[in-house]
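J.: File follows, data_7.txt with compact mmCIF, C-alpha atoms and all ligand atoms:
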# COMPACT_ATOMS: atom_id res chain seq x y z
CA MET C 1 11.35 -46.62 46.50
CA ASP C 2 12.30 -49.85 44.74
CA SER C 3 14.54 -52.39 46.33
CA LYS C 4 17.61 -51.26 44.31
CA SER C 5 17.65 -47.67 45.54
CA GLY C 6 16.83 -48.97 49.03
CA PHE C 7 20.07 -50.96 48.96
CA ALA C 8 22.07 -47.97 47.68
CA GLY C 9 20.59 -45.86 50.45
CA THR C 10 21.68 -48.34 53.09
CA VAL C 11 25.23 -48.37 51.70
CA ALA C 12 25.32 -44.57 51.56
CA ALA C 13 24.15 -44.36 55.16
CA PHE C 14 26.84 -46.84 56.19
CA VAL C 15 29.76 -44.88 54.69
CA PRO C 16 30.00 -42.18 57.41
CA VAL C 17 29.79 -44.85 60.11
CA LEU C 18 32.64 -46.70 58.43
CA LEU C 19 34.74 -43.54 58.17
CA VAL C 20 34.25 -42.70 61.84
CA GLY C 21 35.22 -46.29 62.67
CA ILE C 22 38.43 -46.07 60.65
CA GLY C 23 39.19 -42.73 62.25
CA LEU C 24 38.78 -44.11 65.77
CA TRP C 25 40.94 -47.11 64.95
CA ALA C 26 43.68 -44.97 63.42
CA TYR C 27 43.67 -42.60 66.41
CA PHE C 28 43.64 -45.06 69.28
CA GLY C 29 45.08 -48.12 67.59
CA SER C 30 48.28 -46.41 66.49
CA GLY C 31 48.47 -43.80 69.27
CA VAL C 32 48.89 -46.39 72.00
CA ARG C 33 51.93 -47.80 70.30
CA TRP C 34 53.87 -44.52 70.63
CA LYS C 35 53.39 -44.27 74.33
CA ILE C 36 56.08 -45.28 76.77
CA PRO C 37 56.08 -47.27 78.93
CA ASP C 38 54.16 -49.73 76.85
CA ARG C 39 53.51 -52.82 78.92
CA SER C 40 52.31 -54.92 76.00
CA VAL C 41 55.61 -54.34 74.19
CA HIS C 42 57.49 -55.04 77.38
CA GLU C 43 55.71 -58.32 77.99
CA ALA C 44 56.05 -59.34 74.36
CA SER C 45 59.78 -58.70 74.43
CA LEU C 46 60.12 -60.66 77.64
CA ARG C 47 58.27 -63.57 76.07
CA SER C 48 60.60 -63.51 73.07
CA LEU C 49 63.67 -63.82 75.29
CA SER C 50 65.68 -66.94 75.83
CA VAL C 51 64.02 -67.72 79.13
CA PRO C 52 62.04 -70.94 79.64
CA ALA C 53 58.40 -69.97 79.28
CA GLY C 54 57.49 -71.63 82.56
CA ASP C 55 59.74 -69.36 84.53
CA ILE C 56 58.12 -66.25 83.23
CA GLY C 57 54.67 -67.74 83.54
CA ARG C 58 55.07 -69.06 87.03
CA ALA C 59 55.02 -65.76 88.84
CA ASN C 60 52.40 -64.09 86.77
CA GLY C 61 54.17 -62.95 83.66
CA LEU C 62 57.10 -61.01 85.03
CA ALA C 63 58.70 -63.10 87.71
CA GLY C 64 61.96 -62.20 89.37
CA ALA C 65 64.82 -64.31 88.11
CA ARG C 66 66.03 -67.00 90.44
CA ASP C 67 68.60 -69.70 90.61
CA ASN C 68 66.31 -72.51 89.67
CA ALA C 69 68.37 -75.46 90.80
CA SER C 70 65.43 -77.86 91.22
CA SER C 71 64.24 -77.56 87.63
CA GLY C 72 67.70 -77.77 86.07
CA ALA C 73 68.70 -74.70 84.09
CA PRO C 74 68.70 -71.35 85.90
CA ALA C 75 65.85 -69.05 84.94
CA VAL C 76 68.31 -66.41 83.79
CA ARG C 77 71.55 -67.34 82.13
CA LYS C 78 74.91 -65.78 82.86
CA PRO C 79 75.41 -62.55 80.92
CA SER C 80 76.51 -63.04 77.33
CA ILE C 81 77.11 -59.29 77.12
CA GLU C 82 79.76 -58.30 79.65
CA GLY C 83 80.25 -54.78 80.92
CA ALA C 84 83.60 -53.15 81.66
CA PRO C 85 84.83 -52.08 85.09
CA PRO C 86 83.05 -48.86 86.09
CA SER C 87 85.09 -45.83 85.21
CA ASN C 88 86.29 -43.70 88.09
CA ASP C 89 87.94 -41.14 85.82
CA MET C 90 84.91 -40.36 83.70
CA PRO C 91 82.75 -37.60 85.16
CA TRP C 92 79.18 -38.80 85.57
CA GLU C 93 77.94 -35.76 83.74
CA ASP C 94 79.82 -36.92 80.70
CA PRO C 95 79.70 -34.30 77.99
CA ARG C 96 80.21 -37.04 75.43
CA ALA C 97 76.86 -38.56 76.21
CA PRO C 98 74.42 -37.68 73.45
CA VAL C 99 71.33 -36.43 75.22
CA SER C 100 68.71 -37.18 72.62
CA PRO C 101 66.74 -40.39 72.89
CA PRO C 102 65.55 -42.33 69.85
CA SER C 103 62.84 -40.75 67.73
CA ARG C 104 59.31 -41.59 68.84
CA GLY C 105 58.69 -43.68 65.75
CA ALA C 106 61.59 -45.95 66.62
CA LEU C 107 60.58 -46.37 70.24
CA ARG C 108 58.77 -49.68 69.87
CA GLU C 109 61.77 -51.31 68.23
CA ALA C 110 64.06 -49.72 70.82
CA VAL C 111 62.06 -51.23 73.69
CA GLU C 112 62.13 -54.66 72.06
CA ARG C 113 65.85 -54.51 71.41
CA GLY C 114 66.44 -53.10 74.88
CA GLY C 115 64.56 -56.04 76.36
CA LYS C 116 66.81 -58.52 74.61
CA LEU C 117 69.94 -56.65 75.66
CA TYR C 118 68.61 -56.50 79.21
CA ALA C 119 68.16 -60.27 79.33
CA SER C 120 71.70 -60.88 78.08
CA ALA C 121 73.44 -58.22 80.16
CA CYS C 122 71.44 -57.10 83.18
CA ALA C 123 68.89 -59.69 84.33
CA TRP C 124 71.62 -61.79 85.95
CA CYS C 125 71.83 -59.13 88.65
CA HIS C 126 68.66 -57.04 88.34
CA GLY C 127 66.28 -59.95 87.67
CA MET C 128 63.90 -60.26 84.78
CA ASP C 129 61.34 -58.02 86.47
CA GLY C 130 63.97 -55.45 87.47
CA ARG C 131 63.44 -55.84 91.20
CA GLY C 132 67.12 -56.36 91.88
CA GLU C 133 66.82 -60.02 92.80
CA GLY C 134 68.58 -61.78 89.94
CA PRO C 135 70.51 -65.04 90.54
CA TRP C 136 73.73 -63.13 91.21
CA ALA C 137 72.26 -60.38 93.43
CA SER C 138 72.98 -62.07 96.74
CA ARG C 139 76.68 -62.07 95.89
CA SER C 140 76.83 -58.31 95.37
CA ALA C 141 78.40 -56.40 98.28
CA THR C 142 75.79 -53.65 97.95
CA SER C 143 72.11 -54.10 97.10
CA VAL C 144 71.37 -54.44 93.39
CA ARG C 145 69.08 -51.53 92.56
CA ASP C 146 65.35 -52.16 92.23
CA LEU C 147 64.70 -50.74 88.77
CA THR C 148 60.94 -50.62 89.41
CA ILE C 149 61.48 -47.67 91.80
CA PRO C 150 63.20 -45.01 89.67
CA GLU C 151 62.65 -42.40 92.38
CA LYS C 152 65.44 -44.14 94.27
CA PHE C 153 68.10 -43.98 91.57
CA VAL C 154 71.03 -42.12 93.09
CA ALA C 155 72.88 -40.81 90.01
CA ARG C 156 70.57 -38.09 88.77
CA SER C 157 70.21 -34.45 87.85
CA SER C 158 66.55 -34.32 88.92
CA VAL C 159 65.47 -33.48 92.46
CA GLN C 160 64.36 -36.15 94.93
CA GLY C 161 60.75 -37.28 94.68
CA THR C 162 60.92 -37.23 90.89
CA VAL C 163 62.17 -39.85 88.45
CA PRO C 164 65.60 -39.38 86.83
CA PHE C 165 65.93 -37.93 83.33
CA GLU C 166 66.49 -40.40 80.51
CA ALA C 167 69.92 -38.88 79.97
CA ASP C 168 70.74 -39.55 83.64
CA ILE C 169 70.13 -43.28 83.21
CA TYR C 170 72.09 -43.22 79.94
CA ARG C 171 75.09 -41.64 81.69
CA THR C 172 75.01 -44.21 84.48
CA LEU C 173 74.91 -47.12 82.02
CA ARG C 174 77.85 -45.68 80.14
CA ARG C 175 79.97 -44.98 83.21
CA GLY C 176 78.86 -47.66 85.68
CA LEU C 177 78.84 -47.11 89.44
CA PRO C 178 82.45 -47.23 90.70
CA GLY C 179 82.91 -49.12 93.95
CA THR C 180 79.91 -51.38 93.25
CA ALA C 181 79.14 -54.37 91.03
CA MET C 182 77.31 -52.16 88.51
CA PRO C 183 79.51 -52.33 85.37
CA SER C 184 80.15 -49.71 82.72
CA TYR C 185 78.57 -50.43 79.33
CA ARG C 186 80.65 -47.94 77.37
CA ASN C 187 81.46 -50.80 74.97
CA LEU C 188 77.83 -50.70 73.74
CA SER C 189 76.77 -48.32 70.97
CA SER C 190 74.76 -45.26 71.91
CA ASP C 191 71.75 -46.81 70.11
CA ASP C 192 72.02 -49.89 72.32
CA LEU C 193 72.29 -47.76 75.44
CA TRP C 194 69.20 -45.76 74.46
CA ALA C 195 67.39 -49.03 73.76
CA LEU C 196 68.23 -50.14 77.30
CA VAL C 197 66.97 -46.83 78.68
CA ALA C 198 63.72 -47.25 76.72
CA PHE C 199 63.33 -50.76 78.11
CA ILE C 200 64.12 -49.74 81.70
CA LYS C 201 61.33 -47.17 81.44
CA THR C 202 58.82 -49.97 80.87
CA LEU C 203 59.65 -51.45 84.27
CA SER C 204 57.81 -48.72 86.19
CA SER C 205 54.70 -46.68 85.54
CA ASP C 206 56.23 -43.84 87.58
CA TYR C 207 57.75 -42.46 84.38
CA ASP C 208 54.17 -41.77 83.25
CA ASP C 209 53.14 -40.05 86.49
CA PRO C 210 53.01 -36.27 85.93
CA VAL C 211 53.59 -35.69 89.66
CA LYS C 212 56.91 -37.54 89.42
CA ALA C 213 58.04 -35.95 86.15
CA PRO C 214 61.78 -35.15 86.39
CA LYS C 215 62.54 -31.67 87.71
CA GLU C 216 66.06 -30.39 87.15
CA ALA C 217 67.98 -29.67 90.34
CA TYR C 218 69.89 -26.42 90.72
CA VAL C 219 73.68 -26.85 90.60
CA PRO C 220 75.97 -23.81 90.72
CA ALA C 221 77.90 -23.16 87.54
CA GLY C 222 81.67 -23.22 87.76
CA ALA C 223 84.27 -25.15 89.69
CA PRO C 224 86.36 -24.03 92.67
CA GLU C 225 89.06 -21.64 91.48
CA GLU C 226 92.66 -22.48 92.23
CA ARG C 227 93.50 -18.95 93.49
CA ASP C 228 90.70 -19.08 96.09
CA MET C 229 91.71 -22.50 97.31
CA GLN C 230 93.08 -21.68 100.78
CA LEU C 231 90.00 -19.71 101.73
CA LEU C 232 87.66 -22.25 100.17
CA LEU C 233 89.26 -25.11 102.04
CA ALA C 234 89.06 -23.26 105.36
CA ASN C 235 85.39 -22.44 104.76
CA GLY C 236 84.76 -25.94 103.49
CA ARG C 237 86.18 -27.51 106.61
CA ALA C 238 84.06 -25.25 108.80
CA LEU C 239 80.93 -26.19 106.85
CA TYR C 240 81.81 -29.88 106.90
CA LEU C 241 81.92 -29.75 110.70
CA GLU C 242 78.99 -27.36 111.11
CA LEU C 243 76.67 -29.47 108.90
CA ASP C 244 77.86 -32.57 110.72
CA CYS C 245 79.01 -34.46 107.64
CA ALA C 246 81.50 -36.03 110.03
CA ARG C 247 78.63 -37.75 111.86
CA CYS C 248 78.49 -40.28 109.02
CA HIS C 249 81.68 -39.72 107.05
CA GLY C 250 84.09 -39.16 109.94
CA GLU C 251 86.35 -36.12 110.26
CA ASP C 252 88.76 -37.53 107.70
CA GLY C 253 86.06 -38.88 105.32
CA ALA C 254 86.85 -42.50 106.17
CA GLY C 255 83.26 -43.09 107.24
CA ASP C 256 84.03 -45.06 110.40
CA ALA C 257 81.15 -43.27 112.06
CA ALA C 258 78.78 -44.78 109.50
CA ALA C 259 80.10 -48.33 109.73
CA GLY C 260 76.76 -49.59 111.00
CA LEU C 261 74.59 -47.97 108.33
CA ALA C 262 72.60 -50.40 106.21
CA ASP C 263 69.92 -50.11 103.54
CA SER C 264 66.46 -51.67 103.53
CA ARG C 265 67.96 -55.02 102.51
CA GLY C 266 70.49 -54.91 105.32
CA LYS C 267 73.45 -54.32 102.99
CA PRO C 268 76.05 -51.57 103.48
CA PHE C 269 76.36 -48.46 101.30
CA ALA C 270 79.21 -48.24 98.84
CA THR C 271 80.65 -44.84 99.63
CA ALA C 272 79.88 -43.80 103.22
CA ASP C 273 83.66 -44.18 103.46
CA PHE C 274 84.45 -41.93 100.57
CA VAL C 275 88.20 -41.88 100.83
CA SER C 276 89.21 -45.53 100.62
CA GLY C 277 90.41 -46.63 97.23
CA GLY C 278 91.15 -43.04 96.24
CA GLY C 279 87.47 -42.26 96.21
CA ARG C 280 84.99 -44.06 94.03
CA PHE C 281 81.95 -41.90 93.87
CA LEU C 282 78.80 -43.45 92.50
CA CYS C 283 77.62 -40.11 91.19
CA GLY C 284 80.94 -38.83 89.83
CA MET C 285 84.01 -37.05 91.17
CA SER C 286 84.20 -33.87 89.13
CA PRO C 287 83.53 -30.78 91.28
CA ARG C 288 80.20 -30.33 89.53
CA ASP C 289 79.28 -33.98 90.15
CA VAL C 290 80.06 -33.66 93.85
CA ALA C 291 78.14 -30.37 94.10
CA ARG C 292 75.16 -32.09 92.52
CA THR C 293 75.34 -35.03 94.94
CA ILE C 294 75.49 -32.73 97.97
CA LEU C 295 72.54 -30.64 96.77
CA ILE C 296 70.29 -33.51 95.60
CA GLY C 297 71.37 -36.13 98.11
CA MET C 298 71.15 -39.83 97.33
CA PRO C 299 67.57 -41.16 97.50
CA GLY C 300 67.19 -44.42 99.38
CA THR C 301 70.30 -43.70 101.45
CA PRO C 302 70.93 -41.59 104.59
CA MET C 303 72.68 -38.99 102.36
CA GLU C 304 70.19 -36.10 102.46
CA PRO C 305 69.85 -33.14 100.12
CA TYR C 306 71.70 -30.14 101.58
CA VAL C 307 70.18 -27.38 99.49
CA GLU C 308 68.27 -25.90 102.43
CA ASN C 309 71.31 -25.85 104.73
CA LEU C 310 73.48 -24.18 102.12
CA TYR C 311 71.06 -21.66 100.61
CA GLY C 312 68.76 -21.10 103.57
CA VAL C 313 65.68 -21.94 101.49
CA GLY C 314 63.76 -25.15 101.07
CA GLY C 315 62.82 -24.42 97.49
CA ASP C 316 64.78 -23.74 94.35
CA PRO C 317 67.79 -21.38 94.63
CA ARG C 318 66.95 -20.18 91.09
CA GLY C 319 64.13 -18.18 92.66
CA MET C 320 66.47 -16.36 95.11
CA PRO C 321 67.91 -12.86 94.81
CA ALA C 322 71.20 -13.15 92.90
CA GLU C 323 73.32 -12.04 95.84
CA SER C 324 72.11 -14.57 98.37
CA ARG C 325 72.25 -17.25 95.72
CA ALA C 326 75.89 -16.39 95.05
CA ALA C 327 76.61 -16.70 98.78
CA GLY C 328 75.09 -20.20 98.73
CA ASP C 329 77.08 -21.09 95.62
CA ARG C 330 80.30 -20.16 97.43
CA LYS C 331 79.37 -22.45 100.32
CA VAL C 332 78.72 -25.33 97.92
CA LEU C 333 82.05 -24.84 96.16
CA ALA C 334 83.85 -24.68 99.51
CA LEU C 335 82.27 -27.93 100.68
CA VAL C 336 83.09 -29.57 97.35
CA ALA C 337 86.72 -28.43 97.51
CA TYR C 338 87.09 -29.73 101.04
CA THR C 339 85.43 -33.07 100.28
CA LEU C 340 87.72 -33.64 97.31
CA LYS C 341 90.72 -32.64 99.40
CA LEU C 342 89.88 -35.36 101.93
CA VAL C 343 90.03 -37.86 99.08
CA GLU C 344 93.33 -36.43 97.84
CA GLU C 345 94.84 -36.60 101.30
CA ALA C 346 93.75 -40.19 101.76
CA LYS C 347 95.43 -41.13 98.47
CA ARG C 348 98.73 -39.78 99.77
CA ARG C 349 98.57 -41.71 103.04
C1 LIG R 401 77.05 -57.71 88.26
C2 LIG R 401 75.78 -57.16 88.64
C3 LIG R 401 75.12 -56.09 87.78
C4 LIG R 401 74.92 -56.11 86.42
C5 LIG R 401 75.35 -57.17 85.42
C6 LIG R 401 74.17 -54.92 86.11
N1 LIG R 401 73.95 -54.19 87.24
FE1 LIG R 401 72.93 -52.42 87.38
N2 LIG R 401 73.39 -52.29 89.35
C7 LIG R 401 74.05 -53.26 90.08
C8 LIG R 401 74.21 -52.80 91.45
C9 LIG R 401 74.89 -53.57 92.56
C10 LIG R 401 73.63 -51.51 91.52
C11 LIG R 401 73.55 -50.61 92.76
C12 LIG R 401 74.92 -50.15 93.19
C13 LIG R 401 74.90 -49.42 94.52
O1 LIG R 401 74.32 -48.35 94.62
O2 LIG R 401 75.49 -49.93 95.46
C14 LIG R 401 73.10 -51.25 90.18
C15 LIG R 401 72.44 -50.09 89.83
C16 LIG R 401 71.82 -49.86 88.61
C17 LIG R 401 71.01 -48.72 88.29
C18 LIG R 401 70.64 -47.58 89.22
C19 LIG R 401 71.54 -46.38 89.05
C20 LIG R 401 71.28 -45.33 90.09
O3 LIG R 401 71.48 -44.16 89.77
O4 LIG R 401 70.88 -45.65 91.22
C21 LIG R 401 70.56 -48.90 87.00
C22 LIG R 401 69.66 -47.97 86.22
C23 LIG R 401 71.13 -50.13 86.52
N3 LIG R 401 71.89 -50.70 87.51
C24 LIG R 401 70.90 -50.65 85.26
C25 LIG R 401 71.57 -51.76 84.74
C26 LIG R 401 71.47 -52.22 83.38
C27 LIG R 401 70.58 -51.60 82.32
C28 LIG R 401 72.30 -53.28 83.26
C29 LIG R 401 72.62 -54.08 82.01
C30 LIG R 401 73.00 -53.34 80.84
C31 LIG R 401 72.89 -53.53 84.56
N4 LIG R 401 72.43 -52.59 85.43
C32 LIG R 401 73.76 -54.57 84.84
C33 LIG R 401 74.51 -54.46 89.61
C34 LIG R 401 74.52 -54.87 88.29
C1 LIG R 402 73.26 -39.43 108.00
C2 LIG R 402 74.54 -39.83 107.43
C3 LIG R 402 75.16 -38.88 106.42
C4 LIG R 402 75.43 -37.54 106.57
C5 LIG R 402 75.15 -36.63 107.77
C6 LIG R 402 76.11 -37.14 105.35
N1 LIG R 402 76.23 -38.20 104.52
FE1 LIG R 402 77.18 -38.21 102.73
N2 LIG R 402 76.69 -40.16 102.47
C7 LIG R 402 76.07 -40.96 103.40
C8 LIG R 402 75.98 -42.31 102.89
C9 LIG R 402 75.36 -43.51 103.60
C10 LIG R 402 76.59 -42.30 101.61
C11 LIG R 402 76.77 -43.49 100.66
C12 LIG R 402 75.55 -43.79 99.86
C13 LIG R 402 75.78 -44.95 98.90
O1 LIG R 402 76.93 -45.36 98.70
O2 LIG R 402 74.79 -45.44 98.32
C14 LIG R 402 77.04 -40.94 101.40
C15 LIG R 402 77.74 -40.53 100.27
C16 LIG R 402 78.37 -39.32 100.15
C17 LIG R 402 79.26 -38.97 99.06
C18 LIG R 402 79.68 -39.87 97.94
C19 LIG R 402 78.74 -39.71 96.79
C20 LIG R 402 78.92 -40.72 95.68
O3 LIG R 402 78.77 -40.29 94.53
O4 LIG R 402 79.21 -41.89 95.94
C21 LIG R 402 79.69 -37.68 99.29
C22 LIG R 402 80.64 -36.87 98.43
C23 LIG R 402 79.05 -37.23 100.50
N3 LIG R 402 78.26 -38.25 101.01
C24 LIG R 402 79.25 -35.99 101.06
C25 LIG R 402 78.62 -35.56 102.21
C26 LIG R 402 78.75 -34.23 102.76
C27 LIG R 402 79.62 -33.14 102.17
C28 LIG R 402 77.98 -34.19 103.88
C29 LIG R 402 77.71 -33.00 104.76
C30 LIG R 402 77.19 -31.83 104.12
C31 LIG R 402 77.38 -35.50 104.05
N4 LIG R 402 77.78 -36.29 103.03
C32 LIG R 402 76.56 -35.85 105.10
C33 LIG R 402 75.60 -40.57 104.63
C34 LIG R 402 75.67 -39.29 105.13
Could you quickly redo this structure as structure tokens?
Ligand code: HEC
Ligand code: HEC

T.:
Amino acid sequence: MDSKSGFAGTVAAFVPVLLVGIGLWAYFGSGVRWKIPDRSVHEASLRSLSVPAGDIGRANGLAGARDNASSGAPAVRKPSIEGAPPSNDMPWEDPRAPVSPPSRGALREAVERGGKLYASACAWCHGMDGRGEGPWASRSATSVRDLTIPEKFVARSSVQGTVPFEADIYRTLRRGLPGTAMPSYRNLSSDDLWALVAFIKTLSSDYDDPVKAPKEAYVPAGAPEERDMQLLLANGRALYLELDCARCHGEDGAGDAAAGLADSRGKPFATADFVSGGGRFLCGMSPRDVARTILIGMPGTPMEPYVENLYGVGGDPRGMPAESRAAGDRKVLALVAYTLKLVEEAKRR
């Protein structure tokens, strides 16, 4: 072998190594970018925000926002994107909400844009790190939600112990949480709302945990029928007393019995009194919304899921014989009808 062919041989031997290298880079290098949550994107978008670098750096990259009186400007500025008052009339399960998130290819841009929107609209209350300790949080009557614990979001169609669906968060952003400081962002485009959802998902790794993957709760189809109303209301009242809803909500729904209830931050709950103000339900006031709330409960609050009491099974009513499931459905509708009647009656007083 002369030196020339020796060189060619070395190059030829190197080609497969090079190809494998390119393959590995293409697979891992680009694959990571499509995953959500993507912390590197999240941190990059935080760094690009209009927050003094020191404030982010000080508490290890993702500090909670604070009123930073000593160093002059506050760490998080007042919102430049204002929400609207939360809408009491809009059902939470808003059929107008498009339920398809952005395409996977667009996800990276969505997270970046969502991060900027978050800083201009949400961080004031929720804090830059999402822990619910923004500069304004102490002024909120109820605790500002910790967005790093999605298991405790209350407006959801997934069962407790799982994270909410993306569409659940979307609906809440669009409608707001009536009776609390959480505004409605229905003035934002659906692209912007999905960008916010994509960003919120970077605040917790729970969205990646297969054990916590959202599992759809069972909710009976159909609303209480007008012609059955007298019977439904009578049954509903009996159930309301039997299940001891009055223990917290009072016999008339005014919640006096629950006056002392407080959350882990010592703040009251918005709707233990669910009749004042004509009813402002966090999770919606349509019969289907109320049925969902009663069956799923509200994580992080004393409002428990009532699926076992109403269907007699701990698991999923979908697995029950049709007849016993229908009996449970009737109980749910009765309880819903009675609950909504308490609100109606209070409005007339
Ligand atoms: C003025 C303060 C304020 C602003 C601004 C605000 N929020 Fe909230 N948010 C709250 C409060 C308070 C709650 C909890 C209400 C309660 O349950 O009492 C909340 C709850 C939430 C929840 C939890 C919903 C659930 O089902 O539990 C999400 C998600 C959320 N906010 C996202 C956002 C996003 C995204 C923005 C910006 C686009 C935003 N918030 C702006 C105060 C605010
Ligand atoms: C141990 C106390 C407790 C019991 C018992 C209880 N609830 Fe609740 N419930 C609460 C609290 C606290 C809230 C408010 C949570 C919040 O605002 O974050 C609530 C909220 C609600 C809401 C308003 C939901 C919303 O979207 O804002 C409805 C409706 C409701 N409960 C119905 C019932 C019914 C029906 C029963 C009986 C089957 C019942 N509750 C039993 C504590 C209780």

J.: What is the atom CA of Arg175 of chain C-atom CA of Ala334 of chain C distance in Å, reported with one decimal?

T.: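 Between atom CA of Arg175 of chain C and atom CA of Ala334 of chain C the gap works out to 26.3 Å.
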
J.: All residues within 6 Å of ligand LIG 402 (chain R) are required, counting all atoms listed in the file; please report them as an mmCIF file with C-alpha atoms, in the coordinates of the input.

T.:
data_model
loop_
_atom_site.group_PDB
_atom_site.id
_atom_site.type_symbol
_atom_site.label_atom_id
_atom_site.label_comp_id
_atom_site.auth_asym_id
_atom_site.auth_seq_id
_atom_site.Cartn_x
_atom_site.Cartn_y
_atom_site.Cartn_z
ATOM 1 C CA TYR C 240 81.810 -29.880 106.900
ATOM 2 C CA LEU C 243 76.670 -29.470 108.900
ATOM 3 C CA ASP C 244 77.860 -32.570 110.720
ATOM 4 C CA CYS C 245 79.010 -34.460 107.640
ATOM 5 C CA ARG C 247 78.630 -37.750 111.860
ATOM 6 C CA CYS C 248 78.490 -40.280 109.020
ATOM 7 C CA PHE C 269 76.360 -48.460 101.300
ATOM 8 C CA ALA C 270 79.210 -48.240 98.840
ATOM 9 C CA THR C 271 80.650 -44.840 99.630
ATOM 10 C CA ALA C 272 79.880 -43.800 103.220
ATOM 11 C CA PHE C 274 84.450 -41.930 100.570
ATOM 12 C CA PHE C 281 81.950 -41.900 93.870
ATOM 13 C CA LEU C 282 78.800 -43.450 92.500
ATOM 14 C CA CYS C 283 77.620 -40.110 91.190
ATOM 15 C CA GLY C 284 80.940 -38.830 89.830
ATOM 16 C CA VAL C 290 80.060 -33.660 93.850
ATOM 17 C CA ILE C 294 75.490 -32.730 97.970
ATOM 18 C CA THR C 301 70.300 -43.700 101.450
ATOM 19 C CA PRO C 302 70.930 -41.590 104.590
ATOM 20 C CA MET C 303 72.680 -38.990 102.360
#

J.: Can you pull out the residues contacting Val307 of chain C? Cut-off 9 Å, using all atoms listed in the file, and skip same-chain residues under 4 positions away; I want them as a list in words.

T.: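 Listing them by chain and then by number gives Tyr218, Ile294, Leu295, Ile296, Gly297, Tyr311, Gly312, Val313, Gly314, Gly315, Asp316, Pro317, Gly328 and Val332 of chain C.
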
J.: Which of these residues is nearest to Pro79 of chain C, using all atoms listed in the file: C:Ala346, C:His126, C:Glu304, C:Ala155?

T.: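 Going through C:Ala346, C:His126, C:Glu304, C:Ala155 one by one, the smallest distance to Pro79 of chain C is for C:His126.
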
J.: May I ask for the distance between atom CA of Cys122 of chain C and atom CA of Ser264 of chain C, given in Å to one decimal place?

T.: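 If I compute the distance from atom CA of Cys122 of chain C to atom CA of Ser264 of chain C, I get 21.6 Å.
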
J.: Go through C:Gly260, C:Gly161, C:Gly300, C:Gly255 one by one, measure the shortest atom-to-atom distance of each to ligand LIG 401 (chain R) using all atoms listed in the file, and give the residue with the smallest value.

T.: C:Gly300

J.: Within 8 Å of ligand LIG 401 (chain R), which residues show up when you count only C-alpha atoms and all ligand atoms? List them as a VMD selection string, please.

T.: chain C and resid 79 82 to 83 117 to 118 120 to 126 132 136 to 137 140 to 147 150 152 to 156 168 to 169 172 to 173 176 to 177 179 to 183 185 193 196 to 197 200 269 to 270 282 to 283

J.: Select, from C:Ser324, C:Asn309, C:Ser138, C:Asn235, the residue with the minimum atom-to-atom distance to Ala337 of chain C, counting all atoms listed in the file.

T.: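 Counting all atoms listed in the file, the residue closest to Ala337 of chain C is C:Asn235.
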
J.: In Å, how far is it from atom CA of Pro305 of chain C to atom CA of Arg292 of chain C?

T.: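 Computing the Euclidean distance for atom CA of Pro305 of chain C and atom CA of Arg292 of chain C yields 9.3 Å.
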
J.: Would you please work out which residue, of C:Tyr306, C:Tyr338, C:Phe199, C:Tyr207, is nearest to Arg108 of chain C when using only C-alpha atoms?

T.: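 Among the listed residues, the smallest separation from Arg108 of chain C belongs to C:Phe199.
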
J.: Missing atoms in segment 183-192 of chain C: fill them in up to N, CA and C atoms and send the result as a compact mmCIF listing (two decimals), in the coordinates of the input.

T.:
# COMPACT_ATOMS: atom_id res chain seq x y z
N PRO C 183 78.45 -52.56 86.36
CA PRO C 183 79.51 -52.33 85.37
C PRO C 183 79.26 -51.11 84.50
N SER C 184 80.29 -50.75 83.74
CA SER C 184 80.15 -49.71 82.72
C SER C 184 79.84 -50.40 81.39
N TYR C 185 78.90 -49.86 80.64
CA TYR C 185 78.57 -50.43 79.33
C TYR C 185 78.99 -49.49 78.21
N ARG C 186 80.16 -48.87 78.39
CA ARG C 186 80.65 -47.94 77.37
C ARG C 186 81.05 -48.68 76.10
N ASN C 187 81.16 -50.02 76.17
CA ASN C 187 81.46 -50.80 74.97
C ASN C 187 80.22 -50.96 74.07
N LEU C 188 79.04 -50.63 74.58
CA LEU C 188 77.83 -50.70 73.74
C LEU C 188 77.67 -49.40 72.94
N SER C 189 76.99 -49.51 71.79
CA SER C 189 76.77 -48.32 70.97
C SER C 189 75.74 -47.42 71.67
N SER C 190 75.71 -46.16 71.27
CA SER C 190 74.76 -45.26 71.91
C SER C 190 73.32 -45.70 71.60
N ASP C 191 73.08 -46.28 70.42
CA ASP C 191 71.75 -46.81 70.11
C ASP C 191 71.35 -47.91 71.08
N ASP C 192 72.30 -48.81 71.38
CA ASP C 192 72.02 -49.89 72.32
C ASP C 192 71.72 -49.33 73.71
